[in-house]
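Below is work_23.csv, which holds CSV, C-alpha atoms.
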chain,number,residue,atom,x,y,z
A,1024,MET,CA,-23.0,60.9,275.5
A,1025,ARG,CA,-25.1,60.7,272.4
A,1026,ILE,CA,-25.8,57.3,270.9
A,1027,ALA,CA,-27.6,56.5,267.6
A,1028,VAL,CA,-29.8,53.5,267.9
A,1029,GLN,CA,-31.3,51.5,265.0
A,1030,LEU,CA,-34.8,50.1,265.6
A,1031,PHE,CA,-36.5,47.2,263.8
A,1032,ALA,CA,-39.9,45.6,263.4
A,1033,LYS,CA,-42.4,46.5,266.0
A,1034,ALA,CA,-40.0,48.7,267.9
A,1035,ARG,CA,-39.5,50.8,264.8
A,1036,ASP,CA,-43.2,51.0,264.2
A,1037,LEU,CA,-44.0,52.1,267.7
A,1038,ALA,CA,-41.2,54.7,267.7
A,1039,GLY,CA,-42.1,55.9,264.2
A,1040,ALA,CA,-38.4,55.9,263.3
A,1041,SER,CA,-35.8,53.5,262.1
A,1042,ARG,CA,-33.0,55.4,263.8
A,1043,VAL,CA,-33.1,57.6,266.9
A,1044,GLU,CA,-30.4,59.5,268.8
A,1045,LEU,CA,-30.4,59.2,272.5
A,1046,ASN,CA,-28.8,61.3,275.2
A,1047,LEU,CA,-27.3,58.9,277.7
A,1048,PRO,CA,-25.2,59.4,280.9
A,1049,ASP,CA,-21.4,59.3,280.5
A,1050,ALA,CA,-20.0,55.7,280.6
A,1051,ALA,CA,-23.5,54.5,279.7
A,1052,ARG,CA,-24.3,50.8,279.4
A,1053,VAL,CA,-27.0,49.0,277.4
A,1054,ALA,CA,-29.4,49.2,280.4
A,1055,ASP,CA,-29.3,53.0,279.9
A,1056,VAL,CA,-30.6,52.6,276.3
A,1057,ARG,CA,-33.6,50.7,277.7
A,1058,VAL,CA,-34.3,53.6,280.2
A,1059,ALA,CA,-33.9,56.3,277.5
A,1060,LEU,CA,-36.2,54.5,275.1
A,1061,ARG,CA,-38.9,54.0,277.8
A,1062,GLN,CA,-38.8,57.7,278.6
A,1063,ARG,CA,-38.8,58.9,275.1
A,1064,PHE,CA,-41.3,56.4,273.7
A,1065,PRO,CA,-43.9,55.5,276.4
A,1066,GLN,CA,-45.8,53.6,273.7
A,1067,MET,CA,-42.9,51.2,273.6
A,1068,GLU,CA,-43.3,50.2,277.2
A,1069,PRO,CA,-44.8,46.7,276.5
A,1070,LEU,CA,-41.8,45.8,274.5
A,1071,ILE,CA,-39.0,47.4,276.5
A,1072,SER,CA,-38.1,44.5,278.8
A,1073,SER,CA,-38.0,42.0,275.9
A,1074,LEU,CA,-36.0,44.1,273.5
A,1075,LEU,CA,-32.8,42.6,272.3
A,1076,VAL,CA,-29.9,44.9,272.0
A,1077,SER,CA,-26.9,44.5,269.7
A,1078,VAL,CA,-23.6,46.3,269.7
A,1079,GLY,CA,-21.7,45.9,266.5
A,1080,THR,CA,-23.1,42.6,265.2
A,1081,GLU,CA,-23.1,40.9,268.6
A,1082,TYR,CA,-25.9,40.5,271.1
A,1083,ALA,CA,-25.2,42.6,274.2
A,1084,ASN,CA,-26.5,42.4,277.8
A,1085,ASP,CA,-27.6,45.2,280.1
A,1086,GLN,CA,-24.1,45.5,281.5
A,1087,THR,CA,-22.4,45.9,278.1
A,1088,PRO,CA,-20.6,49.3,278.0
A,1089,LEU,CA,-21.3,51.7,275.1
A,1090,ARG,CA,-18.9,53.8,273.2
A,1091,VAL,CA,-19.7,56.8,271.1
A,1092,GLY,CA,-20.0,55.8,267.5
A,1093,ALA,CA,-20.9,52.2,268.3
A,1094,ASP,CA,-23.4,50.5,266.1
A,1095,VAL,CA,-26.3,49.9,268.5
A,1096,ALA,CA,-29.6,48.3,267.5
A,1097,CYS,CA,-32.7,47.4,269.5
A,1098,PHE,CA,-35.4,45.0,268.4
A,1099,PRO,CA,-38.0,42.5,269.7
A,1100,PRO,CA,-37.4,38.7,269.6
A,1101,VAL,CA,-36.7,37.5,266.1
A,1102,SER,CA,-39.1,35.5,263.9
A,1103,GLY,CA,-37.2,34.6,260.7
A,1104,GLY,CA,-37.6,31.3,258.9
B,766,MET,CA,-23.2,30.5,250.5
B,767,ILE,CA,-25.1,32.9,252.7
B,768,LEU,CA,-27.6,35.3,251.1
B,769,LEU,CA,-30.4,37.6,252.0
B,770,THR,CA,-32.5,38.5,248.9
B,771,HIS,CA,-35.7,40.1,247.8
B,772,ASP,CA,-35.8,37.7,244.8
B,773,ILE,CA,-37.5,34.3,244.5
B,774,ILE,CA,-35.2,31.7,245.9
B,775,ASP,CA,-33.7,29.3,243.4
B,776,TYR,CA,-33.5,26.2,245.6
B,777,ASN,CA,-32.4,24.0,242.8
B,778,ALA,CA,-29.3,26.1,242.3
B,779,LEU,CA,-28.8,26.2,246.0
B,780,THR,CA,-29.0,22.5,246.3
B,781,GLU,CA,-26.6,22.0,243.4
B,782,SER,CA,-24.1,24.5,245.0
B,783,VAL,CA,-23.6,22.1,248.0
B,784,ARG,CA,-23.3,18.9,246.0
B,785,SER,CA,-19.9,17.2,246.1
B,786,ASN,CA,-18.4,13.9,245.3
B,787,ALA,CA,-17.3,13.8,248.9
B,788,ALA,CA,-20.9,14.0,250.1
B,789,GLY,CA,-23.1,10.9,250.5
B,790,ALA,CA,-26.0,13.1,251.7
B,791,VAL,CA,-27.6,16.4,250.8
B,792,VAL,CA,-30.5,17.7,252.9
B,793,LEU,CA,-32.6,20.6,251.7
B,794,PHE,CA,-35.0,22.5,254.0
B,795,LEU,CA,-37.5,24.9,252.7
B,796,GLY,CA,-39.6,27.2,254.9
B,797,THR,CA,-42.8,28.3,253.2
B,798,VAL,CA,-45.6,30.7,253.9
B,799,ARG,CA,-48.3,28.7,255.7
B,800,GLU,CA,-52.0,29.6,255.5
B,801,LEU,CA,-53.3,28.6,259.0
B,802,THR,CA,-51.9,29.6,262.4
B,803,GLY,CA,-54.5,28.1,264.8
B,804,ASP,CA,-57.8,29.4,263.4
B,805,ARG,CA,-56.3,32.5,261.8
B,806,ARG,CA,-55.7,32.8,258.1
B,807,THR,CA,-52.5,34.3,256.6
B,808,VAL,CA,-52.7,36.0,253.2
B,809,ALA,CA,-49.1,37.2,253.1
B,810,LEU,CA,-46.0,37.8,255.2
B,811,ASP,CA,-43.6,40.8,255.1
B,812,TYR,CA,-40.0,40.0,256.2
B,813,ASP,CA,-37.5,42.5,257.4
B,814,ALA,CA,-33.9,42.1,258.6
B,815,TYR,CA,-31.0,43.9,260.2
B,816,SER,CA,-29.0,42.7,257.2
B,817,GLN,CA,-25.5,43.4,258.4
B,818,MET,CA,-26.0,41.5,261.7
B,819,ALA,CA,-28.1,38.8,260.1
B,820,GLU,CA,-25.4,37.9,257.6
B,821,ALA,CA,-22.8,37.9,260.4
B,822,LYS,CA,-25.0,35.6,262.5
B,823,LEU,CA,-25.6,33.2,259.6
B,824,ALA,CA,-21.9,33.0,259.1
B,825,GLU,CA,-21.5,32.2,262.8
B,826,LEU,CA,-24.1,29.4,262.5
B,827,GLU,CA,-22.3,27.9,259.6
B,828,ALA,CA,-19.1,27.9,261.6
B,829,GLU,CA,-20.9,26.3,264.5
B,830,ALA,CA,-22.3,23.6,262.3
B,831,ARG,CA,-18.9,22.9,260.8
B,832,ALA,CA,-17.4,22.5,264.3
B,833,LYS,CA,-20.1,19.9,265.2
B,834,TRP,CA,-20.5,17.9,262.0
B,835,PRO,CA,-18.2,17.1,259.0
B,836,VAL,CA,-20.0,19.5,256.8
B,837,ILE,CA,-18.8,19.7,253.3
B,838,GLN,CA,-20.9,22.6,252.1
B,839,VAL,CA,-23.7,24.8,253.4
B,840,GLY,CA,-26.0,27.2,251.6
B,841,ILE,CA,-28.6,29.4,253.4
B,842,VAL,CA,-30.8,31.9,251.6
B,843,HIS,CA,-33.4,33.9,253.3
B,844,ARG,CA,-35.9,36.0,251.4
B,845,LEU,CA,-37.0,39.5,252.5
B,846,GLY,CA,-39.9,41.7,251.6
B,847,HIS,CA,-43.5,40.7,250.7
B,848,LEU,CA,-44.2,37.0,250.4
B,849,GLU,CA,-47.5,35.4,249.3
B,850,LEU,CA,-49.1,32.2,250.6
B,851,GLY,CA,-46.9,29.3,249.6
B,852,ASP,CA,-43.8,31.3,248.7
B,853,ILE,CA,-40.4,30.1,250.0
B,854,SER,CA,-39.1,32.3,252.8
B,855,VAL,CA,-35.9,30.3,253.5
B,856,ALA,CA,-33.9,27.6,251.9
B,857,LEU,CA,-31.1,25.7,253.6
B,858,ALA,CA,-29.0,23.0,252.0
B,859,VAL,CA,-26.2,21.1,253.7
B,860,SER,CA,-24.0,18.3,252.4
B,861,THR,CA,-22.1,15.8,254.6
B,862,PRO,CA,-20.6,12.3,254.0
B,863,HIS,CA,-23.5,10.5,255.7
B,864,ARG,CA,-27.2,11.2,256.0
B,865,GLN,CA,-27.5,11.5,259.8
B,866,GLN,CA,-25.0,14.3,259.9
B,867,ALA,CA,-26.8,16.1,257.1
B,868,PHE,CA,-30.2,15.9,258.9
B,869,GLU,CA,-28.7,16.9,262.2
B,870,ALA,CA,-26.7,19.8,260.8
B,871,GLY,CA,-29.7,21.0,258.8
B,872,GLN,CA,-32.0,20.9,261.8
B,873,TYR,CA,-29.5,22.7,264.0
B,874,LEU,CA,-29.0,25.5,261.4
B,875,ILE,CA,-32.7,26.2,260.9
B,876,ASP,CA,-33.5,25.9,264.7
B,877,ARG,CA,-30.7,28.3,265.6
B,878,LEU,CA,-31.6,30.7,262.7
B,879,LYS,CA,-35.1,31.1,264.1
B,880,VAL,CA,-33.6,32.2,267.5
B,881,VAL,CA,-30.6,34.3,266.8
B,882,VAL,CA,-30.7,35.7,263.3
B,883,PRO,CA,-32.3,39.2,263.3
B,884,ILE,CA,-35.0,38.7,260.8
B,885,TRP,CA,-38.7,39.4,261.5
B,886,LYS,CA,-42.0,38.5,259.8
B,887,LYS,CA,-45.2,40.5,259.9
B,888,GLU,CA,-48.5,38.7,259.5
B,889,ASN,CA,-51.0,40.0,257.0
B,890,TRP,CA,-54.2,38.3,258.3
B,891,SER,CA,-57.2,37.6,256.2
B,892,ASP,CA,-59.3,40.1,258.2
B,893,GLY,CA,-57.0,42.9,256.9
B,894,THR,CA,-55.0,43.4,260.1
B,895,THR,CA,-51.2,43.1,260.3
B,896,GLU,CA,-49.1,42.0,263.2
B,897,TRP,CA,-45.4,41.6,263.8
B,898,VAL,CA,-44.4,38.1,265.1
B,899,HIS,CA,-42.3,38.5,268.2
B,900,PRO,CA,-42.1,35.2,270.1
B,901,GLY,CA,-42.7,35.5,273.8
B,902,VAL,CA,-44.0,39.1,273.6
B,903,THR,CA,-47.6,39.8,274.5
B,904,THR,CA,-48.7,43.3,273.9

Exercise: express the given structure as structure tokens:
Amino acid sequence: MRIAVQLFAKARDLAGASRVELNLPDAARVADVRVALRQRFPQMEPLISSLLVSVGTEYANDQTPLRVGADVACFPPVSGG
Amino acid sequence: MILLTHDIIDYNALTESVRSNAAGAVVLFLGTVRELTGDRRTVALDYDAYSQMAEAKLAELEAEARAKWPVIQVGIVHRLGHLELGDISVALAVSTPHRQQAFEAGQYLIDRLKVVVPIWKKENWSDGTTEWVHPGVTT
């Protein structure tokens, strides 16, 4: 399945893109996004384990299932305020 | 009121927007761009957000605060884009019947904002380098 993922802050800078399309296994879960990002963007390695992942506007965990067309975003820990 | 904006924050208007005859207390919190972090000097900050999610999370925080305290009105405005030293990055105003509730609700809201709302700041250090702030990440 193909999933479009939005990237923010340092994750976006390291990937050089604010949106990437990833090829994931069928019935993929959030953990598969982490694997695909690591493979495609080796320079993102130091961030991968701490990336937060959202599906819709909710935080997801590695077991969260993905559906085609879902709004998925990956970003490092937040620092607003 | 919940707002993300690239404009200067009118914290007087924000404060007025939460005032009420039912309130005995109004607390206003301002977050401002600080010069020193340890021995490093900041000249500016750039803020970015995942706006759709940030607005949803701020609305959730307001609902959480309303469930915990007798909040009359809440206003949260976060600025995005390029901010200079001393600029206001976030303003949060809350009104309640009594002062302790207003202080507690205000502290809860800003503390939670800094953990769950997808907004990021990038340091522009005085030596010309820039650096995203990602708590807990060492790269």

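With only C-alpha atoms as the atoms that count, the residue of A:Ala1032, A:Val1058, A:Ala1083, A:Leu1074 with the shortest distance to Ile884 (chain B) is A:Ala1032.
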
Query raised in the report: Separation of CA of Tyr873 (chain B) and CA of Ala821 (chain B), in Å?
Result: 17.0 Å

Define the interface residues of chain A facing chain B as those within 7 Å, counting all atoms listed in the file, and report them as a CSV table (one decimal) with C-alpha atoms, in the frame of the given file.
chain,number,residue,atom,x,y,z
A,1032,ALA,CA,-39.9,45.6,263.4
A,1033,LYS,CA,-42.4,46.5,266.0
A,1069,PRO,CA,-44.8,46.7,276.5
A,1080,THR,CA,-23.1,42.6,265.2
A,1099,PRO,CA,-38.0,42.5,269.7
A,1100,PRO,CA,-37.4,38.7,269.6
A,1101,VAL,CA,-36.7,37.5,266.1
A,1102,SER,CA,-39.1,35.5,263.9
A,1103,GLY,CA,-37.2,34.6,260.7
A,1104,GLY,CA,-37.6,31.3,258.9

Requested in this report: Pick out the residues sitting within 7 Å of Gln1029 (chain A), and hand them over as a ChimeraX atom specification; count all atoms listed in the file, and ignore anything fewer than 2 positions along from it in its own chain.
Outcome: /A:1027,1031,1041-1043,1095-1097

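CA of Leu1037 (chain A) is positioned 27.0 Å from CA of Asp1049 (chain A).
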
Query raised in the report: So how far away is CA of Ile767 (chain B) from CA of Ile841 (chain B), in Å?
Result: 5.0 Å

Report summary line: Restricting to all atoms listed in the file, whichever of B:Leu779, B:Leu769, B:Ala809, B:Ala788 is closest to Gly851 (chain B) is B:Ala809

Report task. Name the closest residue to Ser1073 (chain A) among the candidates A:Arg1035, A:Arg1025, A:Arg1052, A:Arg1057; distances are taken between atoms, counting all atoms listed in the file. Result -> A:Arg1057

Query raised in the report: Which of these residues is nearest to Val1053 (chain A), using only C-alpha atoms: A:Val1091, A:Met1067, A:Ala1040, A:Val1076?
Result: A:Val1076
